[in-house]
Amino acid sequence: MTRGLDVVALGARTAVGLGFAASAAAVRAGISGAREYPFVDEEGEPMHVAADRRLHASVVGPERLLALARSAVDEALCTLQLASSHDGPIAVLLALPEVRPGLSELEIQAVEAGVARHVRESHPTASVMAAGFGHAAAALAVERAVNSSGAADNTLTLIVGVDGFVRPETLMWLEAQRVFGPRARTGVIPGEGAGCVVLAPTGLRKSLRLACLAKVAGVGTAREALLADSETGSFGEGMTRALRDATAGSDLPSEAGDDVYSDINGERYRSEEWGFVCMRFPSAFRTLRYHAPADCWGDVGAATGALAIALAARGWARNYARGPRALITAGSRNGDRGAIFLMEPST
């Protein structure tokens, strides 16, 4: 169990919604954001991706990712400005994309700098740093926030995740890996999006009279040695360690996760890893059924964790969650594994 860290504001921008409420409603309804993209696959057929409907295909690279991130950050900060007069420190932890064809290290650094500039327009003294890269990056950010929080802490923490695979070079790379396109056994829907989660220590939240949208009950991270290019595939050891750490303060199986939000995206590697995790640590889950929002808004990479937190919080707010506890699991291509354990707010 963590030392009282609460979710107090959310923001999102996805292919199925311009805000977190609309995005969550679309996922709940099973609406797909996939549509034709002005680029053809190796057989000359139009590619289908979950692209943002407000951004033209000519907007690429850091400019595109920054447009998504700014939208999510502004939604979350608007909630804070309307509900609170907080004048204490603000820390921004970024969940950023991994380097890949179509997105270089310099471009990722440009995204980091751009988000920092945007936040500092309204909060000049905000500290900004990258917490991790890839799908598991939000868990790394939550872990950092948990470790740095204390009973007397008056810091608000913004976790901003942004990523996007909608770029010709990236789509060709996914096609060459046979996880996208006509030769894929099970196809990934390349997506793009951004999420922003604002965390506050419980004492600070109450003093600011902010609503609690979800409580962070635990978080765990680990490294997986067997990556997607290994001969055997993953046996789920890294994710199992992350889940054990995230649920360490819970009485399992009576306090197991009721809802599971997974980054499973159609890649065989991820599905097989999930199977091994379920065999290694079945007591962590009330049911082996999971939510896979990548079916709707596509694979959103480093934005996965922040957006999944918004889904869990919205499930409680709208009374369609399966129970009071939710688990979020995600794994980066670089081997990072992360699990976030959330609880329904009670006060």
# chains A, B, ... in the order shown; residues from 1 in each chain; ligands from 1
>>> closest_atom_pairs(of="stretch 62-169 of chain A", to="stretch 299-304 of chain A", cutoff="12 Å", atoms="only C-alpha atoms", output="JSON lines")
{"residue": "A:Leu65", "atom": "CA", "partner": "A:Ala303", "partner_atom": "CA", "distance": 10.7}
{"residue": "A:Leu68", "atom": "CA", "partner": "A:Ala303", "partner_atom": "CA", "distance": 10.3}
{"residue": "A:Ala69", "atom": "CA", "partner": "A:Ala303", "partner_atom": "CA", "distance": 9.5}
{"residue": "A:Ala72", "atom": "CA", "partner": "A:Ala303", "partner_atom": "CA", "distance": 10.5}
{"residue": "A:Leu94", "atom": "CA", "partner": "A:Ala302", "partner_atom": "CA", "distance": 9.1}
{"residue": "A:Ala95", "atom": "CA", "partner": "A:Ala302", "partner_atom": "CA", "distance": 5.5}
{"residue": "A:Leu96", "atom": "CA", "partner": "A:Ala302", "partner_atom": "CA", "distance": 5.5}
{"residue": "A:Pro97", "atom": "CA", "partner": "A:Ala302", "partner_atom": "CA", "distance": 5.4}
{"residue": "A:Glu98", "atom": "CA", "partner": "A:Ala302", "partner_atom": "CA", "distance": 8.0}
{"residue": "A:Val99", "atom": "CA", "partner": "A:Ala302", "partner_atom": "CA", "distance": 11.5}
{"residue": "A:Arg100", "atom": "CA", "partner": "A:Gly301", "partner_atom": "CA", "distance": 11.8}
{"residue": "A:Ile108", "atom": "CA", "partner": "A:Ala302", "partner_atom": "CA", "distance": 11.7}
{"residue": "A:Ala130", "atom": "CA", "partner": "A:Ala302", "partner_atom": "CA", "distance": 11.5}
{"residue": "A:Ala131", "atom": "CA", "partner": "A:Ala302", "partner_atom": "CA", "distance": 10.8}
{"residue": "A:Gly132", "atom": "CA", "partner": "A:Ala302", "partner_atom": "CA", "distance": 8.5}
{"residue": "A:Phe133", "atom": "CA", "partner": "A:Ala302", "partner_atom": "CA", "distance": 6.4}
{"residue": "A:Gly134", "atom": "CA", "partner": "A:Ala302", "partner_atom": "CA", "distance": 4.4}
{"residue": "A:His135", "atom": "CA", "partner": "A:Ala302", "partner_atom": "CA", "distance": 4.3}
{"residue": "A:Ala136", "atom": "CA", "partner": "A:Ala302", "partner_atom": "CA", "distance": 6.8}
{"residue": "A:Ala137", "atom": "CA", "partner": "A:Ala302", "partner_atom": "CA", "distance": 6.0}
{"residue": "A:Ala138", "atom": "CA", "partner": "A:Ala302", "partner_atom": "CA", "distance": 7.1}
{"residue": "A:Ala139", "atom": "CA", "partner": "A:Thr304", "partner_atom": "CA", "distance": 9.8}
{"residue": "A:Leu140", "atom": "CA", "partner": "A:Ala302", "partner_atom": "CA", "distance": 10.9}
{"residue": "A:Ala141", "atom": "CA", "partner": "A:Ala302", "partner_atom": "CA", "distance": 11.1}
{"residue": "A:Ile159", "atom": "CA", "partner": "A:Ala303", "partner_atom": "CA", "distance": 9.9}
{"residue": "A:Val160", "atom": "CA", "partner": "A:Ala303", "partner_atom": "CA", "distance": 7.7}
{"residue": "A:Gly161", "atom": "CA", "partner": "A:Ala303", "partner_atom": "CA", "distance": 4.1}
{"residue": "A:Val162", "atom": "CA", "partner": "A:Ala303", "partner_atom": "CA", "distance": 4.6}
{"residue": "A:Asp163", "atom": "CA", "partner": "A:Ala302", "partner_atom": "CA", "distance": 5.4}
{"residue": "A:Gly164", "atom": "CA", "partner": "A:Val300", "partner_atom": "CA", "distance": 6.0}
{"residue": "A:Phe165", "atom": "CA", "partner": "A:Val300", "partner_atom": "CA", "distance": 7.5}
{"residue": "A:Val166", "atom": "CA", "partner": "A:Val300", "partner_atom": "CA", "distance": 10.0}
>>> write_last_selection(atoms="N, CA and C atoms", output="mmCIF file, in the first residue's frame")
data_model
loop_
_atom_site.group_PDB
_atom_site.id
_atom_site.type_symbol
_atom_site.label_atom_id
_atom_site.label_comp_id
_atom_site.auth_asym_id
_atom_site.auth_seq_id
_atom_site.Cartn_x
_atom_site.Cartn_y
_atom_site.Cartn_z
ATOM 1 N N LEU A 65 3.109 15.050 -31.946
ATOM 2 C CA LEU A 65 3.046 14.561 -30.571
ATOM 3 C C LEU A 65 2.792 15.690 -29.580
ATOM 4 N N LEU A 68 -0.876 16.647 -29.362
ATOM 5 C CA LEU A 68 -1.626 15.709 -28.538
ATOM 6 C C LEU A 68 -1.367 15.954 -27.056
ATOM 7 N N ALA A 69 -0.098 16.114 -26.701
ATOM 8 C CA ALA A 69 0.265 16.301 -25.295
ATOM 9 C C ALA A 69 -0.317 17.595 -24.729
ATOM 10 N N ALA A 72 -4.022 17.167 -23.798
ATOM 11 C CA ALA A 72 -4.259 16.399 -22.572
ATOM 12 C C ALA A 72 -3.869 17.200 -21.336
ATOM 13 N N LEU A 94 7.430 12.667 -17.380
ATOM 14 C CA LEU A 94 7.040 12.357 -18.745
ATOM 15 C C LEU A 94 7.218 10.882 -19.071
ATOM 16 N N ALA A 95 6.215 10.304 -19.694
ATOM 17 C CA ALA A 95 6.285 8.964 -20.280
ATOM 18 C C ALA A 95 6.409 9.178 -21.786
ATOM 19 N N LEU A 96 7.577 8.884 -22.325
ATOM 20 C CA LEU A 96 7.904 9.257 -23.693
ATOM 21 C C LEU A 96 8.075 8.036 -24.597
ATOM 22 N N PRO A 97 7.985 8.228 -25.912
ATOM 23 C CA PRO A 97 8.159 7.106 -26.846
ATOM 24 C C PRO A 97 9.574 6.553 -26.809
ATOM 25 N N GLU A 98 9.691 5.318 -27.263
ATOM 26 C CA GLU A 98 10.999 4.719 -27.470
ATOM 27 C C GLU A 98 11.508 5.090 -28.860
ATOM 28 N N VAL A 99 12.827 5.137 -29.000
ATOM 29 C CA VAL A 99 13.422 5.413 -30.313
ATOM 30 C C VAL A 99 13.057 4.295 -31.275
ATOM 31 N N ARG A 100 12.703 4.659 -32.485
ATOM 32 C CA ARG A 100 12.325 3.682 -33.513
ATOM 33 C C ARG A 100 12.392 4.366 -34.874
ATOM 34 N N ILE A 108 12.487 12.927 -29.854
ATOM 35 C CA ILE A 108 11.904 12.668 -28.538
ATOM 36 C C ILE A 108 12.328 13.748 -27.546
ATOM 37 N N ALA A 130 12.012 13.295 -17.769
ATOM 38 C CA ALA A 130 11.549 12.037 -18.359
ATOM 39 C C ALA A 130 11.645 10.937 -17.318
ATOM 40 N N ALA A 131 10.545 10.198 -17.121
ATOM 41 C CA ALA A 131 10.529 9.116 -16.136
ATOM 42 C C ALA A 131 10.765 7.760 -16.777
ATOM 43 N N GLY A 132 10.459 7.625 -18.059
ATOM 44 C CA GLY A 132 10.627 6.348 -18.723
ATOM 45 C C GLY A 132 10.194 6.430 -20.172
ATOM 46 N N PHE A 133 10.369 5.300 -20.874
ATOM 47 C CA PHE A 133 10.097 5.267 -22.303
ATOM 48 C C PHE A 133 9.307 4.003 -22.644
ATOM 49 N N GLY A 134 8.347 4.151 -23.515
ATOM 50 C CA GLY A 134 7.564 3.015 -23.956
ATOM 51 C C GLY A 134 6.335 2.754 -23.100
ATOM 52 N N HIS A 135 5.682 1.618 -23.357
ATOM 53 C CA HIS A 135 4.394 1.298 -22.749
ATOM 54 C C HIS A 135 4.413 1.341 -21.218
ATOM 55 N N ALA A 136 5.517 0.926 -20.596
ATOM 56 C CA ALA A 136 5.572 0.838 -19.129
ATOM 57 C C ALA A 136 5.990 2.145 -18.464
ATOM 58 N N ALA A 137 6.196 3.191 -19.241
ATOM 59 C CA ALA A 137 6.774 4.424 -18.697
ATOM 60 C C ALA A 137 5.902 5.074 -17.631
ATOM 61 N N ALA A 138 4.585 5.011 -17.766
ATOM 62 C CA ALA A 138 3.716 5.638 -16.761
ATOM 63 C C ALA A 138 3.869 4.953 -15.405
ATOM 64 N N ALA A 139 4.075 3.638 -15.399
ATOM 65 C CA ALA A 139 4.295 2.939 -14.128
ATOM 66 C C ALA A 139 5.589 3.415 -13.482
ATOM 67 N N LEU A 140 6.618 3.620 -14.288
ATOM 68 C CA LEU A 140 7.873 4.164 -13.753
ATOM 69 C C LEU A 140 7.649 5.551 -13.171
ATOM 70 N N ALA A 141 6.805 6.348 -13.823
ATOM 71 C CA ALA A 141 6.513 7.690 -13.324
ATOM 72 C C ALA A 141 5.734 7.637 -12.019
ATOM 73 N N ILE A 159 1.684 13.416 -14.477
ATOM 74 C CA ILE A 159 2.269 12.357 -15.296
ATOM 75 C C ILE A 159 1.701 12.509 -16.696
ATOM 76 N N VAL A 160 2.568 12.805 -17.632
ATOM 77 C CA VAL A 160 2.146 13.065 -19.012
ATOM 78 C C VAL A 160 2.730 11.985 -19.916
ATOM 79 N N GLY A 161 1.861 11.214 -20.538
ATOM 80 C CA GLY A 161 2.290 10.190 -21.479
ATOM 81 C C GLY A 161 1.842 10.544 -22.883
ATOM 82 N N VAL A 162 2.740 10.439 -23.843
ATOM 83 C CA VAL A 162 2.394 10.757 -25.230
ATOM 84 C C VAL A 162 3.173 9.847 -26.159
ATOM 85 N N ASP A 163 2.527 9.424 -27.228
ATOM 86 C CA ASP A 163 3.186 8.554 -28.199
ATOM 87 C C ASP A 163 2.337 8.511 -29.462
ATOM 88 N N GLY A 164 2.939 8.035 -30.536
ATOM 89 C CA GLY A 164 2.203 7.905 -31.788
ATOM 90 C C GLY A 164 2.996 7.118 -32.812
ATOM 91 N N PHE A 165 2.304 6.234 -33.506
ATOM 92 C CA PHE A 165 2.929 5.395 -34.529
ATOM 93 C C PHE A 165 2.477 5.787 -35.934
ATOM 94 N N VAL A 166 1.800 6.926 -36.046
ATOM 95 C CA VAL A 166 1.242 7.340 -37.328
ATOM 96 C C VAL A 166 2.281 8.165 -38.087
#
>>> residues_around(residues="A:Ile90", least_positions_apart="5", cutoff="7 Å", atoms="only C-alpha atoms", output="list in words")
Ala126, Ser127, Thr155, Leu156 and Thr157 of chain A
>>> write_last_selection(atoms="N, CA and C atoms", output="PDB file, in the first residue's frame")
ATOM      1  N   ALA A 126       7.676  24.895 -12.554  1.00  0.00           N
ATOM      2  CA  ALA A 126       7.466  23.445 -12.609  1.00  0.00           C
ATOM      3  C   ALA A 126       8.752  22.726 -13.003  1.00  0.00           C
ATOM      4  N   SER A 127       9.026  21.621 -12.325  1.00  0.00           N
ATOM      5  CA  SER A 127      10.161  20.780 -12.700  1.00  0.00           C
ATOM      6  C   SER A 127       9.665  19.723 -13.679  1.00  0.00           C
ATOM      7  N   THR A 155       3.370  18.830  -3.066  1.00  0.00           N
ATOM      8  CA  THR A 155       3.671  18.813  -4.490  1.00  0.00           C
ATOM      9  C   THR A 155       2.567  18.117  -5.278  1.00  0.00           C
ATOM     10  N   LEU A 156       2.114  18.760  -6.335  1.00  0.00           N
ATOM     11  CA  LEU A 156       1.237  18.117  -7.299  1.00  0.00           C
ATOM     12  C   LEU A 156       2.111  17.530  -8.402  1.00  0.00           C
ATOM     13  N   THR A 157       1.844  16.297  -8.784  1.00  0.00           N
ATOM     14  CA  THR A 157       2.631  15.629  -9.810  1.00  0.00           C
ATOM     15  C   THR A 157       1.779  15.384 -11.041  1.00  0.00           C
TER      16      THR A 157
END
>>> closest_atom_pairs(of="stretch 157-227 of chain A", to="stretch 309-323 of chain A", cutoff="10 Å", atoms="only C-alpha atoms", output="JSON lines")
{"residue": "A:Gly195", "atom": "CA", "partner": "A:Ala310", "partner_atom": "CA", "distance": 8.0}
{"residue": "A:Cys196", "atom": "CA", "partner": "A:Ala310", "partner_atom": "CA", "distance": 8.6}
{"residue": "A:Val197", "atom": "CA", "partner": "A:Ile309", "partner_atom": "CA", "distance": 7.6}
{"residue": "A:Cys212", "atom": "CA", "partner": "A:Ala313", "partner_atom": "CA", "distance": 9.4}
{"residue": "A:Leu213", "atom": "CA", "partner": "A:Ala313", "partner_atom": "CA", "distance": 5.6}
{"residue": "A:Ala214", "atom": "CA", "partner": "A:Ala313", "partner_atom": "CA", "distance": 5.7}
{"residue": "A:Lys215", "atom": "CA", "partner": "A:Ala313", "partner_atom": "CA", "distance": 9.2}
{"residue": "A:Val216", "atom": "CA", "partner": "A:Ile309", "partner_atom": "CA", "distance": 9.8}
>>> write_last_selection(atoms="C-alpha atoms", output="mmCIF file, in the first residue's frame")
data_model
loop_
_atom_site.group_PDB
_atom_site.id
_atom_site.type_symbol
_atom_site.label_atom_id
_atom_site.label_comp_id
_atom_site.auth_asym_id
_atom_site.auth_seq_id
_atom_site.Cartn_x
_atom_site.Cartn_y
_atom_site.Cartn_z
ATOM 1 C CA GLY A 195 -2.854 11.235 -21.339
ATOM 2 C CA CYS A 196 -2.280 13.411 -18.294
ATOM 3 C CA VAL A 197 -2.810 12.276 -14.695
ATOM 4 C CA CYS A 212 -10.493 12.015 -5.481
ATOM 5 C CA LEU A 213 -10.954 10.141 -8.763
ATOM 6 C CA ALA A 214 -8.888 7.082 -7.803
ATOM 7 C CA LYS A 215 -6.375 6.025 -5.176
ATOM 8 C CA VAL A 216 -2.954 4.589 -5.942
#
>>> residues_around(residues="A:Arg270", least_positions_apart="4", cutoff="9 Å", atoms="only C-alpha atoms", output="list in words")
Ala228, Ser234, Asp263, Ile264, Asn265, Gly266, Trp274, Gly275 and Gly331 of chain A
>>> write_last_selection(atoms="C-alpha atoms", output="PDB file, in the first residue's frame")
ATOM      1  CA  ALA A 228      10.225  -9.885 -28.406  1.00  0.00           C
ATOM      2  CA  SER A 234       8.759 -14.013 -22.699  1.00  0.00           C
ATOM      3  CA  ASP A 263      -1.514  -3.064 -23.252  1.00  0.00           C
ATOM      4  CA  ILE A 264      -2.209  -6.200 -25.312  1.00  0.00           C
ATOM      5  CA  ASN A 265      -2.361  -4.921 -28.877  1.00  0.00           C
ATOM      6  CA  GLY A 266      -2.478  -7.909 -31.211  1.00  0.00           C
ATOM      7  CA  TRP A 274       0.064 -12.503 -20.443  1.00  0.00           C
ATOM      8  CA  GLY A 275      -0.671 -16.232 -20.431  1.00  0.00           C
ATOM      9  CA  GLY A 331       5.519  -3.677 -21.037  1.00  0.00           C
TER      10      GLY A 331
END
>>> residues_around(residues="A:Ala326", least_positions_apart="5", cutoff="7 Å", atoms="only C-alpha atoms", output="compact mmCIF listing (two decimals) with C-alpha atoms, in the first residue's frame")
# COMPACT_ATOMS: atom_id res chain seq x y z
CA GLY A 257 -7.90 -6.79 -9.11
CA ASP A 258 -11.49 -6.68 -10.34
CA ASP A 259 -10.67 -4.98 -13.65
CA VAL A 260 -7.46 -5.45 -15.62
CA ALA A 312 -10.34 2.98 -14.49
CA PHE A 341 -2.82 -1.01 -8.63
CA LEU A 342 -5.70 1.44 -8.19
CA MET A 343 -8.60 1.58 -5.74
>>> residues_around(residues="A:Ala110", least_positions_apart="6", cutoff="10 Å", atoms="only C-alpha atoms", output="list in words")
Gly61, Pro62, Glu63, Leu65, Leu66, Ser104 and Ala116 of chain A
